[in-house]
Amino acid sequence: MKTWKITLEYDGTKYSGWQEQKNARTVMGQLRKAAEEFLGMDVDLQGAGRTDAGVHALGQVVHLRANTRDRILPARFLRELNDRLPADIAVLEVEEKPNRFHARHDALTRSYVYQISTRKNAFSKRHVWWIKETLDVDLMRQAASRLAGRHDFLCFRAQDPSKPDESTIVVVDSAEFEQHGDLLIFRIEASHFLWRMVRRIAGVLVKLGKGDIRMEDFESLLAARCDPRLKVSEWTAPSAGLFLERVRYRGESS
């Protein structure tokens with residue numbers, strides 16, 4: 001048995017998410033197909049985190065296990081996988097790891113970025129959320145900074161059918177909101193995330209920036225006071241702007 005840590009990027013526009021599904025094209029399914037075609041055997045795959053349909057990744061991490069004794073150089077494995085994968089999925093790095101390595105369980109933190117464009121963009125519309133209205137960026141920045149720390153994100157999660165008893169408490173290592181010309185970037189890092197949590201936070205930040213809600217409303221949601229007039233589920237930001245940026249492991253720099 002051998003285990004590899006695989007880091008990859010992908011444009012999720014044409015996929016029904018990361019996780020394999022019956023009768024649906026997924027990123028994990030494409031990676032499995034490429035790996036099994038090259039190795040000539042079944043493989044075990046596990047990603048560090050799931051991404052929904054249309055969500056992208058700059059640094060998804062996967063462990064791949066195969067019952068082989070063949071010596072396969074990481075550089076060759078990377079090349080062979082990329083030759084077999086579609087153009088919108090690219091393997092960035094392959095490392096051989098001890099068999100105890102687990103992409104999900106060993107991850108310390110995950111970071112996501114959400115991109116908002118304040119103008120129509122002909123080249124990156126699949127990777128941003130275009131907001132036509134004027135936004136109060138300073139207010140959005142103030143709100144984002146309040147996300148750091150231990151909070152109950154009950155108001156920002158979607159119920160995950162696979163995790164009915166999941167705790168809604170999340171410790172956020174950092175959260176920031178930046179502006180680079182016409183591009184606004186919301187970045188958040190935590191040990192884990194609830195289903196659709198980041199997209200719902202992004203949606204609420206935009207509502208705040210438009211002036212549709214007040215900072216007091218945002219603080220109430222962050223305190224798990226889910227006022228029914230604040231329709232967070234309806235404000236979920238589009239998947240196009242969301243990227244799994246990085247997964248960090250012990251021994252790696254921050």
# chains A, B, ... in the order shown; residues from 1 in each chain; ligands from 1
>>> residues_around(residues="A:Lys163", least_positions_apart="5", cutoff="12 Å", atoms="only C-alpha atoms", output="PyMOL selection string")
chain A and resi 157-158+168+194-195
>>> residues_around(residues="A:Ile89", least_positions_apart="3", cutoff="9 Å", atoms="only C-alpha atoms", output="MDAnalysis selection string")
chainID A and resid 8:12 27 30:31 82 85:86
>>> write_last_selection(atoms="N, CA and C atoms", output="short mmCIF file (atom, residue, chain, number, x, y, z; two decimals), in the first residue's frame")
data_model
loop_
_atom_site.label_atom_id
_atom_site.label_comp_id
_atom_site.auth_asym_id
_atom_site.auth_seq_id
_atom_site.Cartn_x
_atom_site.Cartn_y
_atom_site.Cartn_z
N LEU A 8 -4.32 20.10 -5.75
CA LEU A 8 -4.82 20.43 -7.08
C LEU A 8 -5.66 21.70 -7.05
N GLU A 9 -5.80 22.28 -8.22
CA GLU A 9 -6.67 23.44 -8.40
C GLU A 9 -7.71 23.06 -9.45
N TYR A 10 -8.87 23.71 -9.37
CA TYR A 10 -9.89 23.43 -10.39
C TYR A 10 -10.88 24.57 -10.49
N ASP A 11 -11.43 24.69 -11.67
CA ASP A 11 -12.55 25.58 -11.94
C ASP A 11 -13.80 24.72 -11.82
N GLY A 12 -14.61 25.03 -10.81
CA GLY A 12 -15.76 24.17 -10.53
C GLY A 12 -17.00 24.46 -11.34
N VAL A 27 -15.46 16.67 -9.57
CA VAL A 27 -14.00 16.79 -9.62
C VAL A 27 -13.34 15.52 -9.10
N GLN A 30 -13.42 12.77 -11.64
CA GLN A 30 -12.44 12.93 -12.71
C GLN A 30 -11.04 12.55 -12.23
N LEU A 31 -10.70 12.90 -10.99
CA LEU A 31 -9.39 12.54 -10.45
C LEU A 31 -9.28 11.03 -10.28
N ASN A 82 -2.04 14.88 -14.86
CA ASN A 82 -2.39 16.06 -15.64
C ASN A 82 -2.66 15.74 -17.11
N LEU A 85 -6.33 14.41 -17.01
CA LEU A 85 -7.39 15.24 -16.45
C LEU A 85 -7.86 16.29 -17.46
N PRO A 86 -9.12 16.72 -17.35
CA PRO A 86 -9.62 17.78 -18.24
C PRO A 86 -8.89 19.09 -17.95
#
>>> closest_residue(among="A:Ile6, A:Ala237, A:Ala107, A:Met215", to="A:Ala75", atoms="only C-alpha atoms")
A:Ile6
>>> residues_around(residues="A:Ile116", least_positions_apart="6", cutoff="9 Å", atoms="only C-alpha atoms", output="PDB file with C-alpha atoms, in the first residue's frame")
ATOM      1  CA  HIS A 127     -15.151  33.584 -10.756  1.00  0.00           C
ATOM      2  CA  VAL A 128     -16.767  36.663  -9.175  1.00  0.00           C
ATOM      3  CA  TRP A 129     -20.100  37.947  -7.955  1.00  0.00           C
ATOM      4  CA  TRP A 130     -20.852  41.191  -9.743  1.00  0.00           C
ATOM      5  CA  ILE A 131     -22.580  43.701  -7.462  1.00  0.00           C
ATOM      6  CA  ASP A 182     -12.706  46.842  -8.710  1.00  0.00           C
ATOM      7  CA  LEU A 183     -12.129  43.547  -6.882  1.00  0.00           C
ATOM      8  CA  LEU A 184     -13.264  42.932  -3.295  1.00  0.00           C
ATOM      9  CA  ILE A 185     -11.882  39.870  -1.550  1.00  0.00           C
ATOM     10  CA  PHE A 186     -13.282  38.280   1.604  1.00  0.00           C
ATOM     11  CA  GLY A 241     -17.154  33.695  -6.369  1.00  0.00           C
TER      12      GLY A 241
END
>>> closest_residue(among="A:Asp152, A:Asp88, A:Glu133, A:Asp83", to="A:Glu219", atoms="only C-alpha atoms")
A:Asp152
>>> residues_around(residues="A:Tyr15", least_positions_apart="2", cutoff="7 Å", atoms="only C-alpha atoms", output="PyMOL selection string")
chain A and resi 12-13+17+25-27+53-54
>>> write_last_selection(atoms="N, CA and C atoms", output="PDB file, in the first residue's frame")
ATOM      1  N   GLY A  12     -14.605  25.029 -10.811  1.00  0.00           N
ATOM      2  CA  GLY A  12     -15.759  24.170 -10.525  1.00  0.00           C
ATOM      3  C   GLY A  12     -17.003  24.456 -11.336  1.00  0.00           C
ATOM      4  N   THR A  13     -16.913  25.363 -12.310  1.00  0.00           N
ATOM      5  CA  THR A  13     -18.094  25.812 -13.045  1.00  0.00           C
ATOM      6  C   THR A  13     -18.888  24.662 -13.654  1.00  0.00           C
ATOM      7  N   GLY A  17     -19.874  19.751  -7.999  1.00  0.00           N
ATOM      8  CA  GLY A  17     -19.157  19.744  -6.736  1.00  0.00           C
ATOM      9  C   GLY A  17     -17.957  18.826  -6.747  1.00  0.00           C
ATOM     10  N   ARG A  25     -21.197  14.661 -12.921  1.00  0.00           N
ATOM     11  CA  ARG A  25     -19.772  14.874 -13.179  1.00  0.00           C
ATOM     12  C   ARG A  25     -19.181  15.675 -12.021  1.00  0.00           C
ATOM     13  N   THR A  26     -18.203  15.098 -11.341  1.00  0.00           N
ATOM     14  CA  THR A  26     -17.603  15.750 -10.181  1.00  0.00           C
ATOM     15  C   THR A  26     -16.085  15.785 -10.332  1.00  0.00           C
ATOM     16  N   VAL A  27     -15.459  16.673  -9.567  1.00  0.00           N
ATOM     17  CA  VAL A  27     -14.001  16.792  -9.625  1.00  0.00           C
ATOM     18  C   VAL A  27     -13.342  15.523  -9.097  1.00  0.00           C
ATOM     19  N   ALA A  53     -21.342  22.516  -5.942  1.00  0.00           N
ATOM     20  CA  ALA A  53     -21.412  22.733  -7.386  1.00  0.00           C
ATOM     21  C   ALA A  53     -21.046  24.172  -7.714  1.00  0.00           C
ATOM     22  N   GLY A  54     -20.151  24.349  -8.662  1.00  0.00           N
ATOM     23  CA  GLY A  54     -19.768  25.678  -9.111  1.00  0.00           C
ATOM     24  C   GLY A  54     -18.686  26.346  -8.297  1.00  0.00           C
TER      25      GLY A  54
END
>>> select_by_dssp(residues="stretch 14-245 of chain A", states="strand (DSSP E)", output="PyMOL selection string")
chain A and resi 44-47+56-66+89-97+107-117+129-130+149-152+169-180+183-190+242-245
>>> closest_residue(among="A:Arg200, A:Lys5, A:His105, A:Lys210", to="A:Trp235", atoms="only C-alpha atoms")
A:Arg200
